[in-house]
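Structure file run-v6.pdb with PDB, C-alpha atoms and all ligand atoms:
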ATOM      1  CA  MET N   1      27.239   5.581  12.633  1.00  0.00           C
ATOM      2  CA  PRO N   2      26.879   1.873  11.929  1.00  0.00           C
ATOM      3  CA  ASP N   3      23.325   0.722  11.838  1.00  0.00           C
ATOM      4  CA  GLU N   4      22.493  -1.568  14.760  1.00  0.00           C
ATOM      5  CA  ALA N   5      20.250  -3.798  12.679  1.00  0.00           C
ATOM      6  CA  LEU N   6      23.007  -4.308  10.132  1.00  0.00           C
ATOM      7  CA  LYS N   7      25.645  -4.875  12.780  1.00  0.00           C
ATOM      8  CA  ALA N   8      23.511  -7.494  14.517  1.00  0.00           C
ATOM      9  CA  LYS N   9      23.300  -9.449  11.268  1.00  0.00           C
ATOM     10  CA  GLU N  10      26.980  -8.989  10.504  1.00  0.00           C
ATOM     11  CA  LEU N  11      26.153  -7.117   7.363  1.00  0.00           C
ATOM     12  CA  LYS N  12      28.468  -4.379   6.285  1.00  0.00           C
ATOM     13  CA  THR N  13      26.926  -0.990   6.841  1.00  0.00           C
ATOM     14  CA  THR N  14      26.712   0.754   3.527  1.00  0.00           C
ATOM     15  CA  ARG N  15      25.125   4.110   2.827  1.00  0.00           C
ATOM     16  CA  ARG N  16      22.736   2.311   0.501  1.00  0.00           C
ATOM     17  CA  ARG N  17      21.512  -0.123   3.121  1.00  0.00           C
ATOM     18  CA  GLU N  18      21.275   2.609   5.723  1.00  0.00           C
ATOM     19  CA  ALA N  19      19.277   4.844   3.403  1.00  0.00           C
ATOM     20  CA  ILE N  20      16.801   2.080   2.596  1.00  0.00           C
ATOM     21  CA  LEU N  21      16.460   1.045   6.212  1.00  0.00           C
ATOM     22  CA  SER N  22      15.868   4.589   7.399  1.00  0.00           C
ATOM     23  CA  ILE N  23      13.101   5.018   4.835  1.00  0.00           C
ATOM     24  CA  LEU N  24      11.341   1.876   5.971  1.00  0.00           C
ATOM     25  CA  ARG N  25      11.893   2.801   9.588  1.00  0.00           C
ATOM     26  CA  ALA N  26      10.232   6.167   9.056  1.00  0.00           C
ATOM     27  CA  ALA N  27       7.368   4.644   7.107  1.00  0.00           C
ATOM     28  CA  GLN N  28       4.376   3.733   9.178  1.00  0.00           C
ATOM     29  CA  GLN N  29       3.311   1.135   6.657  1.00  0.00           C
ATOM     30  CA  PRO N  30       4.799  -1.560   4.449  1.00  0.00           C
ATOM     31  CA  MET N  31       6.182  -0.265   1.173  1.00  0.00           C
ATOM     32  CA  THR N  32       6.642  -1.740  -2.277  1.00  0.00           C
ATOM     33  CA  ALA N  33      10.137  -1.804  -3.750  1.00  0.00           C
ATOM     34  CA  GLU N  34       8.993   0.916  -6.117  1.00  0.00           C
ATOM     35  CA  ASP N  35       7.873   3.183  -3.256  1.00  0.00           C
ATOM     36  CA  VAL N  36      11.187   2.668  -1.495  1.00  0.00           C
ATOM     37  CA  TYR N  37      13.083   3.472  -4.670  1.00  0.00           C
ATOM     38  CA  ILE N  38      11.158   6.706  -5.246  1.00  0.00           C
ATOM     39  CA  LYS N  39      11.908   7.813  -1.676  1.00  0.00           C
ATOM     40  CA  VAL N  40      15.563   6.868  -1.750  1.00  0.00           C
ATOM     41  CA  LEU N  41      16.375   8.676  -5.004  1.00  0.00           C
ATOM     42  CA  PRO N  42      16.384  12.235  -3.604  1.00  0.00           C
ATOM     43  CA  GLN N  43      18.816  11.028  -0.911  1.00  0.00           C
ATOM     44  CA  MET N  44      21.268   9.229  -3.131  1.00  0.00           C
ATOM     45  CA  HIS N  45      21.686   8.011  -6.641  1.00  0.00           C
ATOM     46  CA  MET N  46      20.984   4.338  -7.074  1.00  0.00           C
ATOM     47  CA  SER N  47      19.849   2.222  -9.980  1.00  0.00           C
ATOM     48  CA  VAL N  48      16.561   0.361  -9.717  1.00  0.00           C
ATOM     49  CA  SER N  49      18.314  -2.986  -9.820  1.00  0.00           C
ATOM     50  CA  THR N  50      20.677  -1.964  -7.014  1.00  0.00           C
ATOM     51  CA  ALA N  51      17.759  -0.850  -4.863  1.00  0.00           C
ATOM     52  CA  TYR N  52      15.943  -4.128  -5.487  1.00  0.00           C
ATOM     53  CA  ARG N  53      19.080  -6.126  -4.791  1.00  0.00           C
ATOM     54  CA  THR N  54      19.637  -4.268  -1.527  1.00  0.00           C
ATOM     55  CA  LEU N  55      16.054  -4.975  -0.500  1.00  0.00           C
ATOM     56  CA  ALA N  56      16.564  -8.641  -1.349  1.00  0.00           C
ATOM     57  CA  THR N  57      19.749  -8.826   0.734  1.00  0.00           C
ATOM     58  CA  LEU N  58      18.079  -7.196   3.720  1.00  0.00           C
ATOM     59  CA  THR N  59      15.147  -9.586   3.373  1.00  0.00           C
ATOM     60  CA  GLU N  60      17.469 -12.575   3.135  1.00  0.00           C
ATOM     61  CA  LYS N  61      19.056 -11.514   6.406  1.00  0.00           C
ATOM     62  CA  GLN N  62      15.585 -11.107   7.874  1.00  0.00           C
ATOM     63  CA  ILE N  63      16.162  -7.468   8.667  1.00  0.00           C
ATOM     64  CA  LEU N  64      13.190  -6.825   6.418  1.00  0.00           C
ATOM     65  CA  LEU N  65      10.086  -8.872   5.878  1.00  0.00           C
ATOM     66  CA  ARG N  66       8.591  -9.308   2.454  1.00  0.00           C
ATOM     67  CA  GLU N  67       4.874  -9.901   2.250  1.00  0.00           C
ATOM     68  CA  LEU N  68       2.543 -10.288  -0.659  1.00  0.00           C
ATOM     69  CA  GLY N  69      -0.332  -7.813  -0.636  1.00  0.00           C
ATOM     70  CA  GLN N  70      -3.768  -8.526  -2.030  1.00  0.00           C
ATOM     71  CA  ASP N  71      -2.825  -6.488  -5.074  1.00  0.00           C
ATOM     72  CA  GLY N  72      -0.170  -9.105  -5.836  1.00  0.00           C
ATOM     73  CA  LYS N  73       2.700  -6.707  -5.131  1.00  0.00           C
ATOM     74  CA  ALA N  74       5.458  -7.456  -2.670  1.00  0.00           C
ATOM     75  CA  TYR N  75       5.558  -5.181   0.353  1.00  0.00           C
ATOM     76  CA  PHE N  76       8.587  -4.656   2.545  1.00  0.00           C
ATOM     77  CA  ARG N  77       8.625  -3.700   6.184  1.00  0.00           C
ATOM     78  CA  LEU N  78      11.083  -3.784   9.043  1.00  0.00           C
ATOM     79  CA  ASN N  79      11.217  -7.061  10.869  1.00  0.00           C
ATOM     80  CA  ASP N  80      10.530  -5.757  14.349  1.00  0.00           C
ATOM     81  CA  HIS N  81       9.832  -9.259  15.638  1.00  0.00           C
ATOM     82  CA  ARG N  82       6.370  -8.173  16.505  1.00  0.00           C
ATOM     83  CA  HIS N  83       3.624 -10.170  14.921  1.00  0.00           C
ATOM     84  CA  CYS N  84       0.817  -7.984  13.681  1.00  0.00           C
ATOM     85  CA  HIS N  85      -1.690  -7.532  10.907  1.00  0.00           C
ATOM     86  CA  PHE N  86      -2.560  -4.780   8.510  1.00  0.00           C
ATOM     87  CA  LEU N  87      -5.702  -3.041   7.488  1.00  0.00           C
ATOM     88  CA  ARG N  88      -5.593  -1.784   3.957  1.00  0.00           C
ATOM     89  CA  CYS N  89      -7.827   0.682   2.181  1.00  0.00           C
ATOM     90  CA  THR N  90      -8.887  -0.841  -1.138  1.00  0.00           C
ATOM     91  CA  SER N  91      -9.479   2.609  -2.550  1.00  0.00           C
ATOM     92  CA  CYS N  92      -6.254   4.555  -1.879  1.00  0.00           C
ATOM     93  CA  GLY N  93      -3.981   1.773  -0.678  1.00  0.00           C
ATOM     94  CA  GLU N  94      -3.257   3.299   2.723  1.00  0.00           C
ATOM     95  CA  THR N  95      -2.231   0.585   5.137  1.00  0.00           C
ATOM     96  CA  ILE N  96      -2.314   0.787   8.892  1.00  0.00           C
ATOM     97  CA  GLN N  97      -0.896  -1.591  11.415  1.00  0.00           C
ATOM     98  CA  LEU N  98      -3.352  -3.291  13.734  1.00  0.00           C
ATOM     99  CA  ASP N  99      -2.528  -4.285  17.268  1.00  0.00           C
ATOM    100  CA  GLY N 100      -2.769  -7.864  18.311  1.00  0.00           C
ATOM    101  CA  CYS N 101      -3.587 -11.041  16.470  1.00  0.00           C
ATOM    102  CA  PRO N 102      -6.932 -12.802  16.666  1.00  0.00           C
ATOM    103  CA  ILE N 103      -5.493 -16.029  15.307  1.00  0.00           C
ATOM    104  CA  GLU N 104      -2.827 -16.907  17.845  1.00  0.00           C
ATOM    105  CA  GLU N 105      -5.256 -18.661  20.177  1.00  0.00           C
ATOM    106  CA  LEU N 106      -6.908 -20.486  17.292  1.00  0.00           C
ATOM    107  CA  GLU N 107      -3.512 -21.598  16.038  1.00  0.00           C
ATOM    108  CA  LYS N 108      -2.862 -23.433  19.271  1.00  0.00           C
ATOM    109  CA  GLU N 109      -6.219 -25.141  18.996  1.00  0.00           C
ATOM    110  CA  TRP N 110      -5.673 -26.080  15.346  1.00  0.00           C
ATOM    111  CA  ALA N 111      -2.194 -27.367  16.127  1.00  0.00           C
ATOM    112  CA  LYS N 112      -3.626 -29.617  18.814  1.00  0.00           C
ATOM    113  CA  LYS N 113      -6.414 -30.845  16.535  1.00  0.00           C
ATOM    114  CA  THR N 114      -4.320 -31.470  13.452  1.00  0.00           C
ATOM    115  CA  GLY N 115      -0.994 -32.447  14.983  1.00  0.00           C
ATOM    116  CA  TYR N 116       0.654 -29.804  12.808  1.00  0.00           C
ATOM    117  CA  GLU N 117       3.323 -27.528  14.094  1.00  0.00           C
ATOM    118  CA  ILE N 118       1.913 -24.247  12.853  1.00  0.00           C
ATOM    119  CA  THR N 119       4.723 -21.927  11.858  1.00  0.00           C
ATOM    120  CA  GLY N 120       2.889 -18.850  10.718  1.00  0.00           C
ATOM    121  CA  HIS N 121       0.005 -17.224   8.932  1.00  0.00           C
ATOM    122  CA  SER N 122      -0.774 -14.136   6.980  1.00  0.00           C
ATOM    123  CA  LEU N 123      -3.892 -12.102   7.147  1.00  0.00           C
ATOM    124  CA  GLU N 124      -4.701  -8.826   5.524  1.00  0.00           C
ATOM    125  CA  ILE N 125      -7.884  -7.020   6.328  1.00  0.00           C
ATOM    126  CA  SER N 126      -9.259  -4.650   3.752  1.00  0.00           C
ATOM    127  CA  GLY N 127     -11.754  -1.847   3.869  1.00  0.00           C
ATOM    128  CA  ILE N 128     -12.390   1.771   2.978  1.00  0.00           C
ATOM    129  CA  CYS N 129     -10.535   4.360   5.038  1.00  0.00           C
ATOM    130  CA  PRO N 130     -12.451   7.297   6.584  1.00  0.00           C
ATOM    131  CA  LYS N 131     -10.941   9.741   4.069  1.00  0.00           C
ATOM    132  CA  CYS N 132     -12.079   7.679   1.077  1.00  0.00           C
ATOM    133  CA  ALA N 133     -15.457   7.028   2.656  1.00  0.00           C
ATOM    134  CA  ALA N 134     -15.947  10.787   3.101  1.00  0.00           C
ATOM    135  CA  LYS N 135     -14.923  11.445  -0.502  1.00  0.00           C
ATOM    136  CA  LYS N 136     -17.337   8.818  -1.729  1.00  0.00           C
ATOM    137  CA  GLY N 137     -20.100  10.289   0.396  1.00  0.00           C
ATOM    138  CA  ARG N 138     -19.574  13.744  -1.095  1.00  0.00           C
ATOM    139  CA  LYS N 139     -19.651  12.338  -4.617  1.00  0.00           C
ATOM    140  CA  ASN N 140     -22.913  10.570  -3.956  1.00  0.00           C
ATOM    141  CA  ASP N 141     -24.412  13.789  -2.615  1.00  0.00           C
ATOM    142  CA  ALA N 142     -23.506  15.621  -5.804  1.00  0.00           C
ATOM    143  CA  GLU N 143     -25.152  13.071  -8.009  1.00  0.00           C
TER     144      GLU N 143
HETATM  145 ZN    ZN B 201      -8.477   5.261   1.416  1.00  0.00          ZN
HETATM  146 ZN    ZN B 202      -1.657 -13.103  13.306  1.00  0.00          ZN
END
Starting from the file, lay out its structure as structure tokens.
Ligand SMILES: [Zn+2]
Ligand SMILES: [Zn+2]
Amino acid sequence: MPDEALKAKELKTTRRREAILSILRAAQQPMTAEDVYIKVLPQMHMSVSTAYRTLATLTEKQILLRELGQDGKAYFRLNDHRHCHFLRCTSCGETIQLDGCPIEELEKEWAKKTGYEITGHSLEISGICPKCAAKKGRKNDAE
């Protein structure tokens, strides 16, 4: 079955592209190219450079979004045309999607004040997830 996202962008549907897209679709969080590659390998054989090239093509066509995380790594996620932000655990790296954007209203204000046409922003919120916090708590108890 041809992938709708690929068809919409007039990209040929290949098993490779479909496999990578389905992995990112199933993922609830942005993934590094490395993560994607590790997940795609059991499904089909692909060289690292092919996987990276496929990710680059899909990003070029804006089917995927590429964002730089605070760890300096590039993260890929599906471009669902929904603007949102991510909360990332600095301990285990788990990332969850947050609803809404606190900056949109401010952007309008800043645009008015500065005369700029504001075209976007990025914001990553970091913290310690409940699992890591619990682990840390237990460790402290033992000491
Ligand atoms: Zn964590
Ligand atoms: Zn925002």
Picked residues, the PyMOL selection byres (((chain N and resi 72-86) around 9) and not hetatm), expected as JSON, numbers by chain: {"N": [21, 24, 25, 27, 29, 30, 31, 32, 33, 36, 55, 59, 62, 63, 64, 65, 66, 67, 68, 69, 70, 71, 87, 88, 95, 96, 97, 98, 99, 100, 101, 122, 123, 124, 125, 126]}
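You will find CA of Gly93 (chain N) at 23.0 Å from CA of Ala56 (chain N).
Between ligand ZN 202 (chain B) and the residues N:Thr114, N:Thr14, N:Gln28, N:Thr119, the shortest atom-to-atom distance, using all atoms listed in the file, involves N:Thr119.
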Test item: residues no farther than 10 Å from ligand ZN 201 (chain B), counting only C-alpha atoms and all ligand atoms, as JSON, numbers by chain: {"N": [88, 89, 90, 91, 92, 93, 94, 95, 127, 128, 129, 130, 131, 132, 133, 134, 135]}
Print the selection's residues with C-alpha atoms to a file, as an mmCIF file, keeping the file's coordinate frame.
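This is the output file part-v1.cif:
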data_model
loop_
_atom_site.group_PDB
_atom_site.id
_atom_site.type_symbol
_atom_site.label_atom_id
_atom_site.label_comp_id
_atom_site.auth_asym_id
_atom_site.auth_seq_id
_atom_site.Cartn_x
_atom_site.Cartn_y
_atom_site.Cartn_z
ATOM 1 C CA ARG N 88 -5.593 -1.784 3.957
ATOM 2 C CA CYS N 89 -7.827 0.682 2.181
ATOM 3 C CA THR N 90 -8.887 -0.841 -1.138
ATOM 4 C CA SER N 91 -9.479 2.609 -2.550
ATOM 5 C CA CYS N 92 -6.254 4.555 -1.879
ATOM 6 C CA GLY N 93 -3.981 1.773 -0.678
ATOM 7 C CA GLU N 94 -3.257 3.299 2.723
ATOM 8 C CA THR N 95 -2.231 0.585 5.137
ATOM 9 C CA GLY N 127 -11.754 -1.847 3.869
ATOM 10 C CA ILE N 128 -12.390 1.771 2.978
ATOM 11 C CA CYS N 129 -10.535 4.360 5.038
ATOM 12 C CA PRO N 130 -12.451 7.297 6.584
ATOM 13 C CA LYS N 131 -10.941 9.741 4.069
ATOM 14 C CA CYS N 132 -12.079 7.679 1.077
ATOM 15 C CA ALA N 133 -15.457 7.028 2.656
ATOM 16 C CA ALA N 134 -15.947 10.787 3.101
ATOM 17 C CA LYS N 135 -14.923 11.445 -0.502
#
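Ranking N:Ile103, N:Tyr116, N:Glu34, N:Lys136 by their shortest atom-to-atom distance to ligand ZN 202 (chain B), with only C-alpha atoms and all ligand atoms included, puts N:Ile103 first.
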Selection dump of the PyMOL selection byres (((chain N and resi 19) around 10) and not hetatm), as number ranges by chain: N: 14-18, 20-25, 36, 39-41, 43-44
